[in-house]
file upload_14.cif (mmCIF, C-alpha atoms)
data_coords
loop_
_atom_site.label_atom_id
_atom_site.label_comp_id
_atom_site.auth_asym_id
_atom_site.auth_seq_id
_atom_site.Cartn_x
_atom_site.Cartn_y
_atom_site.Cartn_z
CA MET A 1 32.16 95.81 5.85
CA ILE A 2 33.84 95.28 9.22
CA ARG A 3 36.64 97.73 8.41
CA GLY A 4 34.14 100.32 7.27
CA ALA A 5 32.10 99.84 10.41
CA ARG A 6 35.18 100.26 12.56
CA GLY A 7 36.28 103.36 10.69
CA GLY A 8 32.80 104.83 10.81
CA GLY A 9 32.68 104.36 14.57
CA LEU A 10 35.79 106.44 15.21
CA ILE A 11 34.10 109.84 14.94
CA PRO A 12 31.15 108.94 17.24
CA THR A 13 33.66 107.55 19.75
CA LEU A 14 35.66 110.79 19.69
CA VAL A 15 32.48 112.81 20.11
CA LEU A 16 31.49 110.68 23.11
CA LEU A 17 34.95 111.07 24.63
CA VAL A 18 34.78 114.85 24.24
CA GLY A 19 31.33 114.84 25.82
CA ALA A 20 32.57 112.66 28.70
CA LEU A 21 35.50 115.00 29.33
CA TYR A 22 33.18 117.99 29.22
CA CYS A 23 31.07 116.39 31.96
CA LEU A 24 33.90 114.98 34.05
CA ILE A 25 36.30 117.93 34.14
CA PRO A 26 34.08 120.01 36.50
CA VAL A 27 33.69 116.97 38.79
CA VAL A 28 37.46 116.45 38.85
CA TRP A 29 37.93 120.13 39.65
CA ILE A 30 35.51 119.90 42.59
CA LEU A 31 37.28 116.80 43.91
CA VAL A 32 40.65 118.53 43.70
CA ALA A 33 39.46 121.87 45.04
CA ALA A 34 37.81 120.20 48.03
CA THR A 35 41.28 119.13 49.24
CA LYS A 36 42.51 122.73 49.44
CA SER A 37 42.23 125.51 51.96
CA ASN A 38 41.10 129.01 51.07
CA ALA A 39 44.65 130.17 50.44
CA GLU A 40 45.56 127.08 48.42
CA LEU A 41 42.61 127.59 46.08
CA PHE A 42 44.33 130.64 44.58
CA SER A 43 47.99 129.79 45.11
CA THR A 44 48.32 126.21 43.81
CA SER A 45 47.85 124.54 40.43
CA THR A 46 44.21 124.07 39.51
CA TYR A 47 44.24 120.29 39.05
CA LEU A 48 46.85 119.35 41.65
CA PRO A 49 45.34 118.20 44.96
CA SER A 50 46.61 119.30 48.34
CA PHE A 51 47.82 116.84 50.96
CA THR A 52 47.92 119.23 53.91
CA GLY A 53 44.80 117.85 55.57
CA SER A 54 42.53 120.62 54.31
CA PHE A 55 39.98 118.08 53.06
CA TRP A 56 38.96 116.97 56.56
CA ALA A 57 39.26 120.52 57.85
CA ASN A 58 36.78 121.64 55.19
CA ILE A 59 34.34 118.87 56.15
CA THR A 60 34.46 119.65 59.86
CA GLY A 61 34.27 123.39 59.22
CA LEU A 62 31.31 122.97 56.89
CA PHE A 63 29.28 120.91 59.35
CA ALA A 64 30.21 123.28 62.18
CA TYR A 65 29.11 126.37 60.24
CA GLN A 66 26.29 128.15 62.08
CA ASP A 67 25.77 125.29 64.54
CA GLY A 68 25.47 122.63 61.85
CA ILE A 69 22.99 124.34 59.54
CA PHE A 70 24.45 122.45 56.56
CA ALA A 71 23.07 119.15 57.88
CA ARG A 72 19.64 120.77 58.13
CA TRP A 73 19.91 121.98 54.55
CA ALA A 74 20.84 118.46 53.42
CA LEU A 75 17.83 117.03 55.26
CA ASN A 76 15.57 119.64 53.67
CA SER A 77 16.89 118.74 50.22
CA LEU A 78 16.12 115.08 50.89
CA ILE A 79 12.59 115.95 52.01
CA TYR A 80 11.96 118.07 48.94
CA ALA A 81 13.60 115.71 46.45
CA VAL A 82 12.33 112.37 47.80
CA GLY A 83 8.87 113.63 48.78
CA GLY A 84 8.39 115.66 45.63
CA GLY A 85 9.87 112.92 43.46
CA VAL A 86 7.61 110.19 44.83
CA LEU A 87 4.43 112.28 44.82
CA SER A 88 4.99 113.75 41.38
CA THR A 89 5.81 110.30 39.99
CA LEU A 90 2.55 108.89 41.36
CA VAL A 91 0.58 111.80 39.92
CA ALA A 92 2.33 111.42 36.56
CA ALA A 93 1.73 107.66 36.56
CA ALA A 94 -2.00 108.04 37.22
CA ALA A 95 -2.46 110.90 34.76
CA GLY A 96 -0.30 109.32 32.06
CA TYR A 97 -2.03 105.95 32.45
CA ALA A 98 -5.47 107.55 32.20
CA LEU A 99 -4.56 109.59 29.12
CA GLY A 100 -2.78 106.70 27.45
CA LYS A 101 -5.25 103.87 28.05
CA TYR A 102 -8.65 105.58 28.17
CA ARG A 103 -10.55 107.75 25.74
CA PHE A 104 -12.94 110.25 27.26
CA ARG A 105 -14.35 113.63 26.33
CA GLY A 106 -11.63 116.26 26.45
CA SER A 107 -8.73 113.84 26.78
CA THR A 108 -7.08 115.06 23.58
CA MET A 109 -7.41 118.69 24.63
CA ILE A 110 -6.04 117.92 28.08
CA PHE A 111 -3.01 116.21 26.54
CA ARG A 112 -2.43 119.22 24.29
CA PHE A 113 -2.45 121.51 27.30
CA ILE A 114 0.05 119.20 29.00
CA VAL A 115 2.35 119.30 25.98
CA ALA A 116 2.04 123.09 25.98
CA GLY A 117 2.97 123.07 29.68
CA VAL A 118 6.22 121.30 28.83
CA LEU A 119 7.24 124.35 26.80
CA LEU A 120 6.67 126.82 29.65
CA PRO A 121 9.84 127.77 31.56
CA ALA A 122 9.70 127.40 35.33
CA ILE A 123 10.36 131.10 35.90
CA VAL A 124 7.04 131.95 34.22
CA LEU A 125 5.11 129.88 36.79
CA ALA A 126 7.13 130.74 39.91
CA ILE A 127 5.60 134.13 40.62
CA PRO A 128 1.94 133.08 40.01
CA GLN A 129 2.51 130.04 42.22
CA TYR A 130 3.93 132.26 44.95
CA LEU A 131 0.99 134.67 44.78
CA LEU A 132 -1.49 131.79 44.88
CA LEU A 133 0.14 130.13 47.90
CA ALA A 134 0.60 133.49 49.63
CA ARG A 135 -3.15 134.05 49.37
CA PHE A 136 -3.66 130.89 51.48
CA GLY A 137 -0.80 131.69 53.85
CA MET A 138 1.28 128.69 52.75
CA THR A 139 4.52 130.38 51.72
CA ASN A 140 7.76 129.86 53.64
CA SER A 141 6.93 126.24 54.42
CA TYR A 142 7.71 122.76 53.13
CA ALA A 143 4.33 122.71 51.39
CA SER A 144 5.18 125.84 49.41
CA VAL A 145 8.02 123.95 47.73
CA LEU A 146 6.35 120.54 47.45
CA LEU A 147 2.92 121.54 46.11
CA PRO A 148 4.13 123.24 42.88
CA LEU A 149 6.22 120.15 42.15
CA LEU A 150 3.35 117.65 42.27
CA VAL A 151 2.33 118.13 38.65
CA SER A 152 5.08 117.82 36.06
CA PRO A 153 3.86 118.10 32.44
CA TYR A 154 6.98 116.41 31.12
CA ALA A 155 6.61 113.47 33.53
CA ILE A 156 2.94 113.05 32.56
CA PHE A 157 3.93 113.15 28.90
CA LEU A 158 6.52 110.40 29.40
CA CYS A 159 4.13 108.20 31.37
CA LYS A 160 1.39 108.65 28.78
CA ILE A 161 3.65 107.59 25.91
CA TYR A 162 5.04 104.64 27.85
CA ALA A 163 1.61 103.45 29.04
CA GLU A 164 0.35 103.36 25.46
CA SER A 165 3.22 101.13 24.37
CA SER A 166 3.82 98.92 27.42
CA VAL A 167 0.37 98.16 28.85
CA PRO A 168 -1.48 95.86 26.41
CA ASP A 169 -5.23 96.27 26.11
CA GLU A 170 -5.56 92.47 26.12
CA ILE A 171 -4.15 92.24 29.65
CA MET A 172 -6.48 94.97 30.87
CA GLU A 173 -9.45 93.21 29.29
CA ALA A 174 -8.46 89.89 30.86
CA ALA A 175 -8.25 91.60 34.26
CA ARG A 176 -11.73 93.07 33.77
CA ILE A 177 -13.11 89.63 32.93
CA ASP A 178 -11.57 88.33 36.16
CA GLY A 179 -13.52 90.96 38.06
CA GLY A 180 -10.79 93.51 38.64
CA SER A 181 -11.81 97.14 39.06
CA GLU A 182 -10.14 99.86 37.02
CA PHE A 183 -8.21 101.04 40.06
CA ARG A 184 -7.09 97.49 40.82
CA ILE A 185 -5.95 97.05 37.21
CA PHE A 186 -3.96 100.28 37.46
CA THR A 187 -2.23 99.36 40.72
CA SER A 188 -1.68 95.66 39.98
CA VAL A 189 -1.01 95.72 36.22
CA GLY A 190 -0.38 99.25 35.03
CA LEU A 191 2.16 100.31 37.65
CA ARG A 192 4.14 97.08 37.30
CA LEU A 193 4.39 97.28 33.54
CA MET A 194 5.24 100.98 33.73
CA ALA A 195 7.96 100.45 36.35
CA PRO A 196 10.96 101.30 34.09
CA ALA A 197 9.31 104.55 33.01
CA LEU A 198 8.39 105.41 36.60
CA VAL A 199 11.99 104.85 37.70
CA THR A 200 13.13 107.20 34.96
CA VAL A 201 10.53 109.81 35.93
CA PHE A 202 11.46 109.57 39.61
CA LEU A 203 15.15 109.97 38.82
CA LEU A 204 14.50 113.00 36.60
CA GLN A 205 12.23 114.54 39.21
CA PHE A 206 14.67 113.84 42.04
CA ILE A 207 17.59 115.43 40.20
CA GLY A 208 15.48 118.38 39.08
CA ILE A 209 14.20 119.07 42.59
CA TRP A 210 17.58 118.41 44.22
CA ASN A 211 19.19 121.01 41.96
CA ASN A 212 16.24 123.41 42.05
CA PHE A 213 17.18 126.93 43.06
CA LEU A 214 14.49 129.20 41.63
CA LEU A 215 11.40 127.85 43.40
CA PRO A 216 12.91 127.71 46.93
CA SER A 217 14.40 131.19 46.48
CA VAL A 218 10.94 132.55 45.66
CA MET A 219 8.97 130.60 48.27
CA LEU A 220 11.30 130.52 51.29
CA SER A 221 12.66 133.19 53.60
CA ASP A 222 13.52 131.06 56.63
CA ASN A 223 17.13 129.86 56.68
CA GLU A 224 16.05 126.67 58.45
CA LEU A 225 13.93 125.63 55.45
CA TYR A 226 16.56 126.19 52.77
CA PRO A 227 17.70 123.30 50.55
CA LEU A 228 21.38 122.83 49.77
CA THR A 229 21.29 124.94 46.62
CA LEU A 230 19.90 128.00 48.39
CA GLY A 231 21.97 127.45 51.51
CA LEU A 232 25.28 127.21 49.66
CA TYR A 233 24.40 130.31 47.66
CA GLY A 234 23.68 132.09 50.93
CA MET A 235 27.14 131.15 52.22
CA LEU A 236 28.72 132.84 49.21
CA ARG A 237 26.49 135.87 49.62
CA VAL A 238 27.38 136.21 53.31
CA SER A 239 31.09 136.13 52.46
CA GLY A 240 30.65 139.36 50.50
CA GLY A 241 32.78 138.17 47.58
CA GLN A 242 35.72 137.29 49.83
CA ALA A 243 37.42 133.89 49.93
CA ALA A 244 36.45 133.16 53.52
CA LEU A 245 33.82 130.51 52.73
CA TYR A 246 34.84 129.34 49.26
CA SER A 247 36.41 126.10 50.47
CA PHE A 248 33.31 125.28 52.53
CA VAL A 249 31.00 125.94 49.58
CA ILE A 250 33.11 123.71 47.31
CA MET A 251 33.02 120.92 49.89
CA GLY A 252 29.25 121.37 50.18
CA ALA A 253 28.89 121.10 46.40
CA LEU A 254 30.93 117.89 46.46
CA ILE A 255 28.78 116.37 49.21
CA ALA A 256 25.63 117.42 47.34
CA ILE A 257 26.72 115.34 44.33
CA VAL A 258 27.01 112.10 46.32
CA PRO A 259 23.25 111.30 46.77
CA VAL A 260 22.60 111.86 43.07
CA VAL A 261 25.43 109.52 42.06
CA ILE A 262 24.28 106.85 44.53
CA LEU A 263 20.69 107.07 43.33
CA PHE A 264 21.66 106.91 39.66
CA LEU A 265 23.92 103.88 40.14
CA SER A 266 21.40 102.04 42.30
CA LEU A 267 18.56 102.49 39.78
CA GLN A 268 20.53 101.40 36.72
CA ARG A 269 19.51 97.78 37.15
CA TYR A 270 15.88 98.63 36.37
CA TRP A 271 16.83 99.91 32.93
CA ARG A 272 19.00 96.85 32.33
CA LEU A 273 16.14 94.52 33.26
CA ASP A 274 13.83 96.39 30.92
CA LEU A 275 16.27 96.09 28.02
CA ILE A 276 16.76 92.39 28.67
CA SER A 277 13.00 91.74 28.84
CA GLY A 278 12.53 93.71 25.63
CA GLY A 279 15.19 91.62 23.89
CA VAL A 280 13.57 88.38 25.07
CA LYS A 281 10.15 89.49 23.80
CA ALA A 282 11.65 90.41 20.45
#

call {"tool": "encode", "arguments": {"input": "upload_14.cif", "output": "structure tokens"}}
result
Amino acid sequence: MIRGARGGGLIPTLVLLVGALYCLIPVVWILVAATKSNAELFSTSTYLPSFTGSFWANITGLFAYQDGIFARWALNSLIYAVGGGVLSTLVAAAAGYALGKYRFRGSTMIFRFIVAGVLLPAIVLAIPQYLLLARFGMTNSYASVLLPLLVSPYAIFLCKIYAESSVPDEIMEAARIDGGSEFRIFTSVGLRLMAPALVTVFLLQFIGIWNNFLLPSVMLSDNELYPLTLGLYGMLRVSGGQAALYSFVIMGALIAIVPVVILFLSLQRYWRLDLISGGVKA
């Protein structure tokens, strides 16, 4: 039985290794390419780094580009990703908790509409959202990017499923007997028990907003409001297909990865705690 289990685990291990390589090779390429100058990008081996000091030259050149506009783009991305992530997570937590723990007229139909919303691609909603915000004069602003991100059907779906399974009705009933209001039960009991799911939703929302290109490109026209994705694309567009800004764009892409990696590693402990508590309960 042990030999069979070991032999049967070889293929899944190989598949995981191939998947890991598929994900890591582009990251390795960015790390290597960030050490090269414009000329070295096309004249040296792809996966051999350069030790001519181009790495620091690319960093200083990137932050000096257009009087430091890259730092402004990075700040904008943080505002969009953190603000949108927190607000959309709170909305998803409240909506998912209500749909998962309460039964009211129309709740089933509302949930069906939410599931249908998961299937809609973002490009279908971008133009109607732009026209709606343009009618109120809210385009080309931080609000034009943040408001469409407040409601995420997928995040509400996750919170609804998790609330049903992780928030016992007995605890809610005990809190009601103790005199707790429904809002107090949600904030004191529901949010705490849903914490692992909320961390997951926030991480998914943060990464999705951080990497979002379509919505800012539709809503924004001011260079000062661009996130990193739109700003780096603009640097390539300005270069007119020449290699003048390629090294700066690659360095910008490398820097843009760092916050996502830090956030993912710092939030891992919440999933570990949830697995441990689940094992203890079992």

call {"tool": "resolve_selection", "arguments": {"input": "upload_14.cif", "expression": "the PyMOL selection byres ((chain A and resi 256) around 12)", "output": "NGL selection string"}}
result
:A and (27 or 30 or 70-71 or 73-75 or 77-78 or 207 or 210-211 or 227-229 or 231-232 or 249-255 or 257-262)

call {"tool": "write_last_selection", "arguments": {"input": "upload_14.cif", "atoms": "C-alpha atoms", "output": "compact mmCIF listing (two decimals), in the frame of the given file"}}
result
# COMPACT_ATOMS: atom_id res chain seq x y z
CA VAL A 27 33.69 116.97 38.79
CA ILE A 30 35.51 119.90 42.59
CA PHE A 70 24.45 122.45 56.56
CA ALA A 71 23.07 119.15 57.88
CA TRP A 73 19.91 121.98 54.55
CA ALA A 74 20.84 118.46 53.42
CA LEU A 75 17.83 117.03 55.26
CA SER A 77 16.89 118.74 50.22
CA LEU A 78 16.12 115.08 50.89
CA ILE A 207 17.59 115.43 40.20
CA TRP A 210 17.58 118.41 44.22
CA ASN A 211 19.19 121.01 41.96
CA PRO A 227 17.70 123.30 50.55
CA LEU A 228 21.38 122.83 49.77
CA THR A 229 21.29 124.94 46.62
CA GLY A 231 21.97 127.45 51.51
CA LEU A 232 25.28 127.21 49.66
CA VAL A 249 31.00 125.94 49.58
CA ILE A 250 33.11 123.71 47.31
CA MET A 251 33.02 120.92 49.89
CA GLY A 252 29.25 121.37 50.18
CA ALA A 253 28.89 121.10 46.40
CA LEU A 254 30.93 117.89 46.46
CA ILE A 255 28.78 116.37 49.21
CA ILE A 257 26.72 115.34 44.33
CA VAL A 258 27.01 112.10 46.32
CA PRO A 259 23.25 111.30 46.77
CA VAL A 260 22.60 111.86 43.07
CA VAL A 261 25.43 109.52 42.06
CA ILE A 262 24.28 106.85 44.53

call {"tool": "closest_residue", "arguments": {"input": "upload_14.cif", "among": "A:Ala39, A:Leu125, A:Leu21, A:Ile156", "to": "Arg112 of chain A", "atoms": "only C-alpha atoms"}}
result
A:Ile156

call {"tool": "residues_around", "arguments": {"input": "upload_14.cif", "residues": "segment 131-136 of chain A", "least_positions_apart": "4", "cutoff": "12 Å", "atoms": "all atoms listed in the file", "output": "MDAnalysis selection string"}}
result
chainID A and resid 125:127 140:148 218:220

call {"tool": "write_last_selection", "arguments": {"input": "upload_14.cif", "atoms": "C-alpha atoms", "output": "PDB file, keeping the file's coordinate frame"}}
result
ATOM      1  CA  LEU A 125       5.110 129.880  36.790  1.00  0.00           C
ATOM      2  CA  ALA A 126       7.130 130.740  39.910  1.00  0.00           C
ATOM      3  CA  ILE A 127       5.600 134.130  40.620  1.00  0.00           C
ATOM      4  CA  ASN A 140       7.760 129.860  53.640  1.00  0.00           C
ATOM      5  CA  SER A 141       6.930 126.240  54.420  1.00  0.00           C
ATOM      6  CA  TYR A 142       7.710 122.760  53.130  1.00  0.00           C
ATOM      7  CA  ALA A 143       4.330 122.710  51.390  1.00  0.00           C
ATOM      8  CA  SER A 144       5.180 125.840  49.410  1.00  0.00           C
ATOM      9  CA  VAL A 145       8.020 123.950  47.730  1.00  0.00           C
ATOM     10  CA  LEU A 146       6.350 120.540  47.450  1.00  0.00           C
ATOM     11  CA  LEU A 147       2.920 121.540  46.110  1.00  0.00           C
ATOM     12  CA  PRO A 148       4.130 123.240  42.880  1.00  0.00           C
ATOM     13  CA  VAL A 218      10.940 132.550  45.660  1.00  0.00           C
ATOM     14  CA  MET A 219       8.970 130.600  48.270  1.00  0.00           C
ATOM     15  CA  LEU A 220      11.300 130.520  51.290  1.00  0.00           C
TER      16      LEU A 220
END

call {"tool": "resolve_selection", "arguments": {"input": "upload_14.cif", "expression": "the PyMOL selection byres ((chain A and resi 185) around 10)", "output": "list in words"}}
result
Ile171, Met172, Glu173, Ala174, Ala175, Arg176, Gly179, Gly180, Ser181, Glu182, Phe183, Arg184, Phe186, Thr187, Ser188, Val189, Gly190 and Leu191 of chain A

call {"tool": "write_last_selection", "arguments": {"input": "upload_14.cif", "atoms": "C-alpha atoms", "output": "PDB file, in the frame of the given file"}}
result
ATOM      1  CA  ILE A 171      -4.150  92.240  29.650  1.00  0.00           C
ATOM      2  CA  MET A 172      -6.480  94.970  30.870  1.00  0.00           C
ATOM      3  CA  GLU A 173      -9.450  93.210  29.290  1.00  0.00           C
ATOM      4  CA  ALA A 174      -8.460  89.890  30.860  1.00  0.00           C
ATOM      5  CA  ALA A 175      -8.250  91.600  34.260  1.00  0.00           C
ATOM      6  CA  ARG A 176     -11.730  93.070  33.770  1.00  0.00           C
ATOM      7  CA  GLY A 179     -13.520  90.960  38.060  1.00  0.00           C
ATOM      8  CA  GLY A 180     -10.790  93.510  38.640  1.00  0.00           C
ATOM      9  CA  SER A 181     -11.810  97.140  39.060  1.00  0.00           C
ATOM     10  CA  GLU A 182     -10.140  99.860  37.020  1.00  0.00           C
ATOM     11  CA  PHE A 183      -8.210 101.040  40.060  1.00  0.00           C
ATOM     12  CA  ARG A 184      -7.090  97.490  40.820  1.00  0.00           C
ATOM     13  CA  PHE A 186      -3.960 100.280  37.460  1.00  0.00           C
ATOM     14  CA  THR A 187      -2.230  99.360  40.720  1.00  0.00           C
ATOM     15  CA  SER A 188      -1.680  95.660  39.980  1.00  0.00           C
ATOM     16  CA  VAL A 189      -1.010  95.720  36.220  1.00  0.00           C
ATOM     17  CA  GLY A 190      -0.380  99.250  35.030  1.00  0.00           C
ATOM     18  CA  LEU A 191       2.160 100.310  37.650  1.00  0.00           C
TER      19      LEU A 191
END

call {"tool": "resolve_selection", "arguments": {"input": "upload_14.cif", "expression": "the PyMOL selection byres ((chain A and resi 200) around 10)", "output": "VMD selection string"}}
result
chain A and resid 89 155 158 to 159 195 to 199 201 to 206 264 267 to 268 270 to 271

call {"tool": "atom_distance", "arguments": {"input": "upload_14.cif", "atom1": "atom CA of Asn212 of chain A", "atom2": "atom CA of Gly117 of chain A"}}
result
18.1 Å

call {"tool": "residues_near_point", "arguments": {"input": "upload_14.cif", "point": "(-6.7, 107.7, 28.9)", "cutoff": "12 Å", "atoms": "only C-alpha atoms", "output": "PyMOL selection string"}}
result
chain A and resi 93-111+156-157+159-161+163-164+167+169+182+186

call {"tool": "atom_distance", "arguments": {"input": "upload_14.cif", "atom1": "atom CA of Met235 of chain A", "atom2": "atom CA of Gln66 of chain A"}}
result
10.3 Å

call {"tool": "residues_around", "arguments": {"input": "upload_14.cif", "residues": "Phe213 of chain A", "least_positions_apart": "3", "cutoff": "7 Å", "atoms": "only C-alpha atoms", "output": "list in words"}}
result
Pro216, Ser217, Thr229 and Leu230 of chain A

call {"tool": "decode", "arguments": {"input": "upload_14.cif", "residues": "segment 57-70 of chain A", "atoms": "N, CA and C atoms", "output": "PDB file, in the first residue's frame"}}
result
ATOM      1  N   ALA A  57      20.722  51.624 -12.114  1.00  0.00           N
ATOM      2  CA  ALA A  57      20.470  52.672 -13.102  1.00  0.00           C
ATOM      3  C   ALA A  57      19.017  52.635 -13.572  1.00  0.00           C
ATOM      4  N   ASN A  58      18.462  51.425 -13.712  1.00  0.00           N
ATOM      5  CA  ASN A  58      17.060  51.309 -14.107  1.00  0.00           C
ATOM      6  C   ASN A  58      16.132  51.833 -13.013  1.00  0.00           C
ATOM      7  N   ILE A  59      16.474  51.555 -11.752  1.00  0.00           N
ATOM      8  CA  ILE A  59      15.640  52.046 -10.643  1.00  0.00           C
ATOM      9  C   ILE A  59      15.647  53.569 -10.593  1.00  0.00           C
ATOM     10  N   THR A  60      16.826  54.154 -10.622  1.00  0.00           N
ATOM     11  CA  THR A  60      16.912  55.619 -10.554  1.00  0.00           C
ATOM     12  C   THR A  60      16.272  56.269 -11.777  1.00  0.00           C
ATOM     13  N   GLY A  61      16.477  55.670 -12.950  1.00  0.00           N
ATOM     14  CA  GLY A  61      15.862  56.224 -14.158  1.00  0.00           C
ATOM     15  C   GLY A  61      14.352  56.121 -14.135  1.00  0.00           C
ATOM     16  N   LEU A  62      13.843  55.018 -13.586  1.00  0.00           N
ATOM     17  CA  LEU A  62      12.394  54.838 -13.515  1.00  0.00           C
ATOM     18  C   LEU A  62      11.750  55.870 -12.607  1.00  0.00           C
ATOM     19  N   PHE A  63      12.330  56.087 -11.423  1.00  0.00           N
ATOM     20  CA  PHE A  63      11.746  57.037 -10.481  1.00  0.00           C
ATOM     21  C   PHE A  63      12.000  58.487 -10.883  1.00  0.00           C
ATOM     22  N   ALA A  64      12.947  58.707 -11.798  1.00  0.00           N
ATOM     23  CA  ALA A  64      13.182  60.059 -12.295  1.00  0.00           C
ATOM     24  C   ALA A  64      12.367  60.362 -13.544  1.00  0.00           C
ATOM     25  N   TYR A  65      11.711  59.368 -14.101  1.00  0.00           N
ATOM     26  CA  TYR A  65      10.945  59.549 -15.341  1.00  0.00           C
ATOM     27  C   TYR A  65       9.792  60.515 -15.120  1.00  0.00           C
ATOM     28  N   GLN A  66       9.729  61.552 -15.928  1.00  0.00           N
ATOM     29  CA  GLN A  66       8.688  62.584 -15.842  1.00  0.00           C
ATOM     30  C   GLN A  66       8.503  63.096 -14.409  1.00  0.00           C
ATOM     31  N   ASP A  67       9.587  63.495 -13.810  1.00  0.00           N
ATOM     32  CA  ASP A  67       9.571  64.092 -12.464  1.00  0.00           C
ATOM     33  C   ASP A  67       8.977  63.168 -11.409  1.00  0.00           C
ATOM     34  N   GLY A  68       9.247  61.873 -11.539  1.00  0.00           N
ATOM     35  CA  GLY A  68       8.823  60.927 -10.511  1.00  0.00           C
ATOM     36  C   GLY A  68       7.377  60.497 -10.616  1.00  0.00           C
ATOM     37  N   ILE A  69       6.830  60.445 -11.813  1.00  0.00           N
ATOM     38  CA  ILE A  69       5.428  60.065 -11.985  1.00  0.00           C
ATOM     39  C   ILE A  69       5.186  58.609 -11.586  1.00  0.00           C
ATOM     40  N   PHE A  70       6.236  57.770 -11.644  1.00  0.00           N
ATOM     41  CA  PHE A  70       6.058  56.362 -11.285  1.00  0.00           C
ATOM     42  C   PHE A  70       5.637  56.214  -9.828  1.00  0.00           C
TER      43      PHE A  70
END
